[in-house]
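Engineer: Okay, so here is query29.csv, and as you'll see once you scroll down, it has CSV, C-alpha atoms.
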```csv
chain,number,residue,atom,x,y,z
A,1,MET,CA,-12.8,-23.7,16.5
A,2,ASP,CA,-13.9,-22.4,19.9
A,3,SER,CA,-14.8,-18.8,18.9
A,4,PRO,CA,-17.5,-16.3,19.8
A,5,TYR,CA,-18.1,-16.1,16.0
A,6,SER,CA,-19.2,-19.7,15.6
A,7,ARG,CA,-22.6,-18.7,14.2
A,8,GLU,CA,-21.0,-16.4,11.7
A,9,LEU,CA,-18.6,-19.1,10.6
A,10,GLN,CA,-21.4,-21.6,10.1
A,11,VAL,CA,-23.5,-19.2,8.0
A,12,ALA,CA,-20.5,-18.1,5.9
A,13,ILE,CA,-19.2,-21.6,5.3
A,14,GLY,CA,-22.6,-22.7,4.1
A,15,ALA,CA,-22.9,-19.7,1.8
A,16,ILE,CA,-19.4,-20.4,0.3
A,17,GLN,CA,-20.3,-24.0,-0.3
A,18,SER,CA,-23.4,-22.9,-2.3
A,19,ALA,CA,-21.4,-20.3,-4.0
A,20,ALA,CA,-18.8,-22.9,-5.1
A,21,LYS,CA,-21.6,-24.9,-6.8
A,22,LEU,CA,-22.5,-21.8,-8.8
A,23,SER,CA,-18.9,-21.1,-9.8
A,24,GLN,CA,-18.4,-24.7,-10.9
A,25,ALA,CA,-21.6,-24.7,-12.9
A,26,VAL,CA,-20.3,-21.6,-14.8
A,27,ILE,CA,-16.7,-22.9,-15.2
A,28,SER,CA,-18.0,-26.0,-16.9
A,29,VAL,CA,-19.6,-24.1,-19.8
A,30,GLU,CA,-17.8,-22.2,-22.7
A,31,ASP,CA,-19.8,-19.0,-22.5
A,32,LYS,CA,-19.2,-17.6,-19.0
A,33,GLY,CA,-21.0,-14.4,-19.7
A,34,VAL,CA,-17.9,-12.3,-19.5
A,35,ILE,CA,-18.0,-8.5,-19.7
A,36,GLU,CA,-15.2,-6.0,-19.2
A,37,LYS,CA,-15.2,-3.3,-16.5
A,38,ASP,CA,-13.7,0.2,-16.7
A,39,ASP,CA,-10.5,-1.0,-15.2
A,40,LEU,CA,-10.3,-3.7,-18.0
A,41,SER,CA,-10.8,-6.5,-15.5
A,42,PRO,CA,-13.3,-9.2,-16.5
A,43,VAL,CA,-16.5,-10.0,-14.6
A,44,THR,CA,-18.8,-13.0,-15.2
A,45,VAL,CA,-22.3,-14.1,-14.4
A,46,ALA,CA,-20.8,-16.0,-11.5
A,47,ASP,CA,-19.5,-12.8,-9.9
A,48,PHE,CA,-22.9,-11.2,-9.9
A,49,ALA,CA,-24.8,-14.4,-8.8
A,50,ILE,CA,-22.3,-15.2,-6.0
A,51,GLN,CA,-22.3,-11.6,-4.6
A,52,ALA,CA,-26.1,-11.7,-4.5
A,53,LEU,CA,-26.1,-15.1,-2.8
A,54,LEU,CA,-23.6,-14.2,-0.2
A,55,THR,CA,-25.4,-10.9,0.6
A,56,ALA,CA,-28.9,-12.5,0.8
A,57,THR,CA,-27.7,-15.4,3.0
A,58,ILE,CA,-25.7,-13.3,5.5
A,59,HIS,CA,-28.3,-10.5,5.6
A,60,HIS,CA,-31.0,-13.1,6.5
A,61,ALA,CA,-28.8,-14.3,9.4
A,62,PHE,CA,-27.5,-10.9,10.5
A,63,PRO,CA,-30.0,-8.2,9.3
A,64,ASN,CA,-28.2,-5.3,11.0
A,65,ASP,CA,-24.8,-5.9,9.3
A,66,LYS,CA,-23.5,-3.9,6.3
A,67,PHE,CA,-21.7,-5.0,3.2
A,68,VAL,CA,-19.0,-4.1,0.7
A,69,GLY,CA,-18.4,-6.0,-2.5
A,70,GLU,CA,-16.6,-5.7,-5.8
A,71,GLU,CA,-19.6,-5.6,-8.2
A,72,SER,CA,-22.6,-3.3,-8.8
A,73,SER,CA,-25.7,-4.1,-10.7
A,74,SER,CA,-25.5,-1.4,-13.4
A,75,ASP,CA,-24.5,-3.8,-16.1
A,76,LEU,CA,-27.3,-6.1,-15.2
A,77,ARG,CA,-29.9,-3.3,-15.2
A,78,ASN,CA,-28.8,-2.3,-18.6
A,79,ASN,CA,-28.7,-5.8,-20.1
A,80,HIS,CA,-31.8,-7.9,-19.6
A,81,VAL,CA,-30.3,-11.0,-21.2
A,82,LEU,CA,-27.4,-10.9,-18.7
A,83,LEU,CA,-29.8,-10.2,-15.8
A,84,GLY,CA,-31.8,-13.2,-16.8
A,85,ARG,CA,-28.7,-15.4,-16.9
A,86,VAL,CA,-27.7,-14.4,-13.4
A,87,TRP,CA,-31.2,-14.9,-12.0
A,88,GLU,CA,-31.4,-18.3,-13.7
A,89,LEU,CA,-28.1,-19.4,-12.3
A,90,LEU,CA,-29.2,-18.5,-8.8
A,91,GLN,CA,-32.3,-20.7,-9.2
A,92,ARG,CA,-30.0,-23.7,-9.3
A,93,LEU,CA,-29.7,-23.4,-5.5
A,94,ALA,CA,-33.4,-23.7,-4.8
A,95,GLU,CA,-32.8,-27.1,-3.1
A,96,ASP,CA,-30.0,-25.6,-1.0
A,97,GLU,CA,-32.4,-22.9,0.1
A,98,GLU,CA,-35.0,-25.5,1.1
A,99,ARG,CA,-32.4,-27.2,3.2
A,100,SER,CA,-31.5,-23.8,4.9
A,101,LEU,CA,-28.0,-23.9,3.5
A,102,CYS,CA,-28.4,-20.5,1.9
A,103,LYS,CA,-30.9,-17.8,1.2
A,104,LEU,CA,-31.8,-16.5,-2.3
A,105,PRO,CA,-33.1,-13.0,-3.3
A,106,ALA,CA,-36.9,-13.0,-3.7
A,107,SER,CA,-36.8,-11.4,-7.2
A,108,PRO,CA,-34.5,-10.1,-9.9
A,109,GLU,CA,-35.1,-6.6,-8.6
A,110,GLN,CA,-34.1,-7.6,-5.0
A,111,MET,CA,-31.1,-9.4,-6.4
A,112,CYS,CA,-29.9,-6.1,-8.0
A,113,GLU,CA,-30.6,-4.2,-4.8
A,114,MET,CA,-28.5,-6.6,-2.8
A,115,ILE,CA,-25.7,-6.5,-5.3
A,116,ASP,CA,-25.7,-2.7,-4.9
A,117,TRP,CA,-25.7,-2.9,-1.1
A,118,CYS,CA,-22.2,-4.2,-1.7
A,119,GLY,CA,-21.3,-2.3,-4.8
A,120,PHE,CA,-21.9,1.1,-3.1
A,121,GLY,CA,-21.0,0.0,0.4
A,122,GLU,CA,-18.1,1.5,2.3
A,123,PRO,CA,-16.1,-0.1,5.1
A,124,GLY,CA,-16.2,3.0,7.3
A,125,GLY,CA,-13.8,3.8,10.1
A,126,SER,CA,-13.4,2.8,13.7
A,127,ASP,CA,-17.1,3.5,14.4
A,128,ALA,CA,-18.4,1.5,11.4
A,129,GLY,CA,-19.7,-1.5,13.3
A,130,ARG,CA,-19.9,-4.9,11.5
A,131,VAL,CA,-19.2,-4.9,7.8
A,132,TRP,CA,-18.9,-8.0,5.6
A,133,VAL,CA,-16.6,-7.7,2.6
A,134,PHE,CA,-17.0,-10.0,-0.4
A,135,ASP,CA,-15.0,-10.8,-3.5
A,136,PRO,CA,-17.3,-13.3,-5.3
A,137,ILE,CA,-14.6,-14.5,-7.7
A,138,ASP,CA,-11.0,-13.4,-7.0
A,139,GLY,CA,-9.0,-14.3,-10.0
A,140,THR,CA,-11.6,-14.0,-12.7
A,141,LYS,CA,-8.9,-13.9,-15.4
A,142,THR,CA,-7.8,-17.4,-14.4
A,143,PHE,CA,-11.4,-18.6,-13.5
A,144,VAL,CA,-12.5,-18.1,-17.1
A,145,ARG,CA,-9.5,-20.4,-18.1
A,146,ARG,CA,-10.7,-23.0,-15.6
A,147,GLU,CA,-7.8,-22.3,-13.4
A,148,ALA,CA,-7.3,-21.1,-9.8
A,149,TYR,CA,-9.7,-18.7,-8.1
A,150,ALA,CA,-11.1,-18.0,-4.7
A,151,ILE,CA,-14.4,-16.9,-3.0
A,152,ASN,CA,-13.5,-14.4,-0.3
A,153,VAL,CA,-15.7,-13.5,2.7
A,154,ALA,CA,-14.5,-11.3,5.5
A,155,LEU,CA,-16.1,-9.7,8.6
A,156,LEU,CA,-14.7,-6.4,9.8
A,157,GLU,CA,-15.7,-4.7,13.0
A,158,GLY,CA,-14.7,-1.1,13.4
A,159,SER,CA,-12.6,-1.6,10.2
A,160,LYS,CA,-10.5,-4.4,11.9
A,161,GLN,CA,-10.4,-7.9,10.6
A,162,ILE,CA,-12.5,-10.3,12.8
A,163,LEU,CA,-13.2,-13.2,10.5
A,164,SER,CA,-11.8,-14.7,7.3
A,165,ILE,CA,-13.5,-17.4,5.3
A,166,VAL,CA,-12.1,-18.3,1.9
A,167,GLY,CA,-13.4,-20.9,-0.5
A,168,CYS,CA,-10.7,-22.4,-2.7
A,169,PRO,CA,-12.3,-24.9,-5.2
A,170,THR,CA,-9.0,-25.7,-6.9
A,171,ILE,CA,-6.7,-26.1,-3.8
A,172,SER,CA,-6.7,-29.4,-1.9
A,173,VAL,CA,-6.9,-29.5,1.9
A,174,ASP,CA,-3.4,-31.0,2.0
A,175,ALA,CA,-1.9,-29.0,-0.8
A,176,LYS,CA,1.9,-28.9,-1.2
A,177,ALA,CA,4.1,-26.1,-2.5
A,178,PRO,CA,4.5,-24.8,-5.1
A,179,VAL,CA,0.9,-23.9,-5.9
A,180,THR,CA,0.3,-22.2,-9.2
A,181,ASN,CA,-2.7,-21.0,-11.3
A,182,THR,CA,-2.8,-24.4,-13.0
A,183,THR,CA,-2.6,-26.5,-9.8
A,184,LEU,CA,-5.9,-28.4,-9.4
A,185,ASP,CA,-7.1,-30.5,-6.5
A,186,PRO,CA,-6.9,-34.1,-7.7
A,187,THR,CA,-9.9,-35.0,-5.5
A,188,ALA,CA,-12.0,-32.1,-6.8
A,189,ARG,CA,-13.1,-31.4,-3.3
A,190,GLY,CA,-11.3,-28.1,-2.7
A,191,CYS,CA,-10.9,-26.5,0.7
A,192,ILE,CA,-12.1,-23.7,2.9
A,193,VAL,CA,-9.4,-21.8,4.9
A,194,PHE,CA,-10.7,-19.7,7.8
A,195,ALA,CA,-9.6,-17.7,10.8
A,196,ALA,CA,-11.0,-15.8,13.7
A,197,LYS,CA,-9.0,-13.0,15.3
A,198,GLY,CA,-7.0,-14.5,18.2
A,199,HIS,CA,-8.1,-18.0,17.5
A,200,GLY,CA,-5.8,-19.2,14.7
A,201,THR,CA,-6.1,-20.4,11.1
A,202,TYR,CA,-7.9,-23.6,10.1
A,203,VAL,CA,-8.5,-25.6,6.9
A,204,ARG,CA,-11.2,-28.0,6.0
A,205,SER,CA,-12.7,-29.6,2.9
A,206,LEU,CA,-14.9,-27.4,0.8
A,207,ALA,CA,-17.3,-30.4,0.4
A,208,GLY,CA,-19.3,-31.9,3.2
A,209,SER,CA,-21.4,-30.3,5.9
A,210,LEU,CA,-22.1,-32.9,8.6
A,211,PRO,CA,-19.5,-33.1,11.4
A,212,HIS,CA,-18.6,-36.7,10.5
A,213,GLU,CA,-18.0,-35.7,6.9
A,214,VAL,CA,-15.5,-33.0,7.6
A,215,GLN,CA,-12.2,-32.9,9.4
A,216,THR,CA,-10.9,-29.5,10.4
A,217,ARG,CA,-7.2,-29.0,10.9
A,218,LYS,CA,-5.6,-26.1,12.8
A,219,ILE,CA,-2.6,-24.7,11.0
A,220,GLU,CA,0.4,-24.6,13.3
A,221,PRO,CA,2.1,-21.2,13.8
A,222,GLN,CA,5.0,-20.9,11.5
A,223,ALA,CA,8.4,-21.9,12.9
A,224,GLN,CA,10.5,-18.9,13.9
A,225,VAL,CA,12.4,-17.8,10.8
A,226,GLU,CA,15.6,-15.9,11.4
A,227,ALA,CA,17.5,-16.3,8.2
A,228,SER,CA,16.5,-15.1,4.7
A,229,GLN,CA,17.4,-18.5,3.2
A,230,ASP,CA,14.4,-19.9,5.0
A,231,LEU,CA,12.0,-17.6,3.2
A,232,ARG,CA,9.6,-19.1,0.7
A,233,PRO,CA,7.9,-16.6,-1.6
A,234,VAL,CA,4.5,-16.3,-3.3
A,235,SER,CA,3.9,-13.8,-6.0
A,236,CYS,CA,2.4,-13.3,-9.4
A,237,TYR,CA,5.0,-13.6,-12.1
A,238,ASN,CA,4.6,-11.9,-15.5
A,239,MET,CA,0.8,-11.8,-15.5
A,240,LEU,CA,0.0,-8.4,-14.1
A,241,ASP,CA,1.2,-5.0,-15.5
A,242,SER,CA,0.5,-3.3,-12.2
A,243,GLY,CA,3.6,-4.5,-10.4
A,244,VAL,CA,7.3,-3.7,-10.7
A,245,ASP,CA,8.5,-7.2,-11.6
A,246,ASP,CA,12.2,-6.4,-11.8
A,247,VAL,CA,12.2,-5.0,-8.3
A,248,HIS,CA,10.4,-8.0,-6.9
A,249,GLN,CA,12.9,-10.3,-8.5
A,250,LEU,CA,15.9,-8.3,-7.4
A,251,VAL,CA,14.7,-8.2,-3.7
A,252,MET,CA,14.4,-12.0,-3.8
A,253,LYS,CA,17.9,-12.3,-5.2
A,254,ARG,CA,19.3,-9.9,-2.5
A,255,LEU,CA,17.6,-12.1,0.2
A,256,GLY,CA,19.2,-15.2,-1.3
A,257,ILE,CA,15.9,-16.7,-2.4
A,258,GLU,CA,16.4,-18.8,-5.5
A,259,ASN,CA,13.1,-20.7,-5.7
A,260,PRO,CA,10.3,-18.6,-7.1
A,261,GLY,CA,7.8,-20.5,-4.9
A,262,CYS,CA,4.1,-20.2,-5.4
A,263,ASP,CA,2.8,-18.3,-8.5
A,264,LEU,CA,-0.8,-17.0,-8.3
A,265,LEU,CA,-2.8,-14.3,-10.0
A,266,ALA,CA,-5.5,-13.9,-7.3
A,267,TRP,CA,-4.4,-11.9,-4.2
A,268,VAL,CA,-6.7,-13.8,-2.0
A,269,LEU,CA,-5.0,-17.1,-2.9
A,270,ARG,CA,-1.6,-15.6,-2.2
A,271,TRP,CA,-2.8,-14.8,1.3
A,272,VAL,CA,-4.2,-18.4,1.5
A,273,THR,CA,-0.8,-19.9,0.7
A,274,LEU,CA,0.8,-17.8,3.4
A,275,GLY,CA,-1.9,-18.8,5.9
A,276,LEU,CA,-1.4,-22.5,5.0
A,277,GLY,CA,2.4,-22.3,5.4
A,278,LEU,CA,3.0,-23.0,1.7
A,279,ALA,CA,4.9,-19.7,1.5
A,280,ASN,CA,6.0,-17.2,4.1
A,281,VAL,CA,6.9,-14.0,2.3
A,282,THR,CA,5.5,-11.8,-0.4
A,283,ILE,CA,6.2,-8.2,-1.6
A,284,TRP,CA,4.3,-6.1,-4.0
A,285,VAL,CA,5.2,-2.7,-5.4
A,286,TYR,CA,2.8,-0.9,-7.7
A,287,LYS,CA,4.3,0.9,-10.7
A,288,GLN,CA,2.6,4.1,-9.8
A,289,ARG,CA,2.2,5.6,-6.4
A,290,SER,CA,-1.4,6.4,-7.3
A,291,ARG,CA,-2.2,2.7,-7.7
A,292,THR,CA,-3.7,1.1,-4.6
A,293,GLY,CA,-5.2,-2.2,-3.5
A,294,LYS,CA,-8.9,-2.9,-3.4
A,295,ILE,CA,-10.4,-3.9,-0.1
A,296,TRP,CA,-12.1,-7.1,-1.3
A,297,ASP,CA,-8.8,-8.5,-2.5
A,298,HIS,CA,-7.2,-8.4,0.9
A,299,ALA,CA,-9.7,-7.9,3.8
A,300,GLY,CA,-10.0,-11.0,5.9
A,301,ALA,CA,-7.6,-13.0,3.8
A,302,MET,CA,-4.6,-11.2,5.4
A,303,LEU,CA,-5.8,-12.4,8.8
A,304,LEU,CA,-5.0,-16.0,7.7
A,305,PHE,CA,-1.3,-15.1,7.7
A,306,GLU,CA,-1.3,-12.9,10.8
A,307,GLU,CA,-2.9,-15.7,12.8
A,308,VAL,CA,0.0,-18.0,12.1
A,309,GLY,CA,2.7,-15.5,13.0
A,310,GLY,CA,3.0,-13.3,9.9
A,311,LYS,CA,3.4,-9.5,9.9
A,312,ILE,CA,1.9,-7.3,7.1
A,313,THR,CA,2.6,-3.7,6.2
A,314,ASP,CA,2.8,-1.5,3.1
A,315,ILE,CA,6.2,-0.8,1.5
A,316,ASP,CA,6.7,2.3,3.8
A,317,GLY,CA,6.3,0.1,6.9
A,318,ASN,CA,2.8,1.4,7.7
A,319,ASP,CA,0.1,-0.9,9.1
A,320,ILE,CA,-2.7,-1.8,6.6
A,321,ASP,CA,-5.7,0.5,7.0
A,322,LEU,CA,-9.0,-1.1,5.9
A,323,GLY,CA,-11.2,1.8,7.0
A,324,VAL,CA,-10.4,4.4,4.5
A,325,GLY,CA,-12.6,3.2,1.7
A,326,ARG,CA,-13.2,0.7,-1.1
A,327,LYS,CA,-9.7,1.5,-2.4
A,328,MET,CA,-6.9,1.2,0.2
A,329,THR,CA,-5.6,4.7,-0.4
A,330,ALA,CA,-3.7,4.9,2.9
A,331,ASN,CA,-1.2,2.3,1.8
A,332,HIS,CA,1.0,1.5,-1.1
A,333,GLY,CA,2.0,-2.1,-1.9
A,334,PHE,CA,2.5,-4.9,0.6
A,335,VAL,CA,5.3,-6.5,2.6
A,336,ALA,CA,4.4,-9.7,4.4
A,337,ALA,CA,6.9,-11.9,6.2
A,338,PRO,CA,7.4,-13.8,9.4
A,339,ARG,CA,7.6,-11.3,12.3
A,340,ALA,CA,11.3,-11.9,13.0
A,341,MET,CA,12.2,-11.3,9.3
A,342,HIS,CA,9.8,-8.5,8.4
A,343,ALA,CA,12.2,-5.7,9.1
A,344,THR,CA,14.9,-7.3,7.0
A,345,VAL,CA,12.6,-7.8,4.0
A,346,LEU,CA,11.2,-4.3,4.3
A,347,ASP,CA,14.7,-2.7,4.5
A,348,THR,CA,15.9,-4.8,1.5
A,349,LEU,CA,13.0,-3.7,-0.6
A,350,GLN,CA,13.5,0.0,0.3
A,351,GLN,CA,17.2,-0.2,-0.5
A,352,VAL,CA,16.5,-1.8,-3.9
A,353,LEU,CA,13.9,0.8,-4.8
A,354,ARG,CA,16.4,3.6,-4.0
A,355,GLN,CA,19.3,1.9,-5.8
A,356,GLN,CA,17.1,1.4,-8.9
A,357,GLY,CA,16.1,5.1,-9.0
A,358,LYS,CA,12.5,4.3,-7.9
A,359,GLN,CA,12.5,6.1,-4.6
A,360,HIS,CA,9.5,8.1,-5.8
A,361,LEU,CA,7.5,5.0,-5.1
A,362,LEU,CA,8.3,5.4,-1.4
A,363,ALA,CA,6.5,8.0,0.8
```
Could you quickly redo this structure as structure tokens?

Structural biologist:
Amino acid sequence: MDSPYSRELQVAIGAIQSAAKLSQAVISVEDKGVIEKDDLSPVTVADFAIQALLTATIHHAFPNDKFVGEESSSDLRNNHVLLGRVWELLQRLAEDEERSLCKLPASPEQMCEMIDWCGFGEPGGSDAGRVWVFDPIDGTKTFVRREAYAINVALLEGSKQILSIVGCPTISVDAKAPVTNTTLDPTARGCIVFAAKGHGTYVRSLAGSLPHEVQTRKIEPQAQVEASQDLRPVSCYNMLDSGVDDVHQLVMKRLGIENPGCDLLAWVLRWVTLGLGLANVTIWVYKQRSRTGKIWDHAGAMLLFEEVGGKITDIDGNDIDLGVGRKMTANHGFVAAPRAMHATVLDTLQQVLRQQGKQHLLA
């Protein structure tokens, strides 16, 4: 990719490759060090270790940049056994650090500090400058079952998406639809999907670092879709209690879509399938208007779809605002579709909500 962000891409790809080694080390053992957060979502030693790794590596290369990430270090500071396990996991990358593929925190205390740079970081508004956003393990619920997950790295500038780099250890570089939580890359190489604003979306193998070891393929812009019958969905079916499943299903029926398409828990992976052309439409309505998305589940990854011709708004038709905070309180839900079909999908969704007596979910 010929982009002014080639250095950022190089550093982030190296960090994700090292992060994938940590995640695979954890996924292979029975005890993944799982704890439960206040919102009842699980977090593992891999989440903490990867967030520290990504922060240390990118801070070393770009010391003036800021960070936002999902985890904070409070559970580590209150649990010395857990802290020791995370620190021990990071030490597995000592050889990568010697080869300048990544940078590790200098001590357990610095590790906690770097995790908290993310855990208490804010994306800021239009004057925020450069902010990196991390989701160290998106799809922890499926990760602990040795199923699909992603490592999300995004760069925002003035709260706008500039770069997206997503590591997908379970998805092959030439994956075919439908992709589900149990789909595994038969080659075990995985892929990295990345995009730079205005420069397109690309895919390459997760493994390999030398130019002769890796082939990078640009994803062609999606063909113009002007009929709802050509829409191919991705969603999460019957695994999350946050969405209105019956509305999602009825909208697809109204649009004449019979095939459920890709089925993935992790939001980042849903954006990946849209970016790769394995799907071209998704909708999501939260059960309560007070429920919102979290920035690390979407920032950067949405760019993958936009760079191949997709349009993304909330269910009210508003553009997605990544500058309001860690929670995306300016928006409710998501509607993503090819540009020519977005208005049709949005209108169908709003009609279904009103007809089902759920107009209170609209603004």

Engineer: From the options A:Arg270, A:Arg77, A:Lys21, A:Arg326, which residue's atoms come nearest to Phe120 of chain A, counting all atoms listed in the file?

Structural biologist: A:Arg326

Engineer: Taking (-19.9, -24.5, -15.4) as a centre in this file's frame and 12 Å as the limit, can you find every polymer residue with an atom that close, using all atoms listed in the file, and give them as a list of chain:residue names?

Structural biologist: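 Checking each residue against the 12 Å limit leaves A:Ala20, A:Lys21, A:Leu22, A:Ser23, A:Gln24, A:Ala25, A:Val26, A:Ile27, A:Ser28, A:Val29, A:Glu30, A:Asp31, A:Lys32, A:Gly33, A:Thr44, A:Val45, A:Ala46, A:Leu89, A:Arg92, A:Phe143, A:Val144, A:Arg145, A:Arg146.
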
Engineer: Counting only C-alpha atoms, find the residues whose atoms lie at most 9 Å from (-1.4, -13.8, -8.4) (file coordinates) and write them out as a PyMOL selection string.

Structural biologist: chain A and resi 139+180-181+234-237+239-240+262-270

Engineer: Could you please determine the separation between atom CA of Ser290 of chain A and atom CA of Glu70 of chain A in Å, to one decimal place?

Structural biologist: 19.5 Å

Engineer: Of the candidates A:Ala299, A:Cys118, A:Met341, A:Ala175, which one gets nearest to Ala227 of chain A if we count only C-alpha atoms?

Structural biologist: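 Distance minimum relative to Ala227 of chain A lands on A:Met341.
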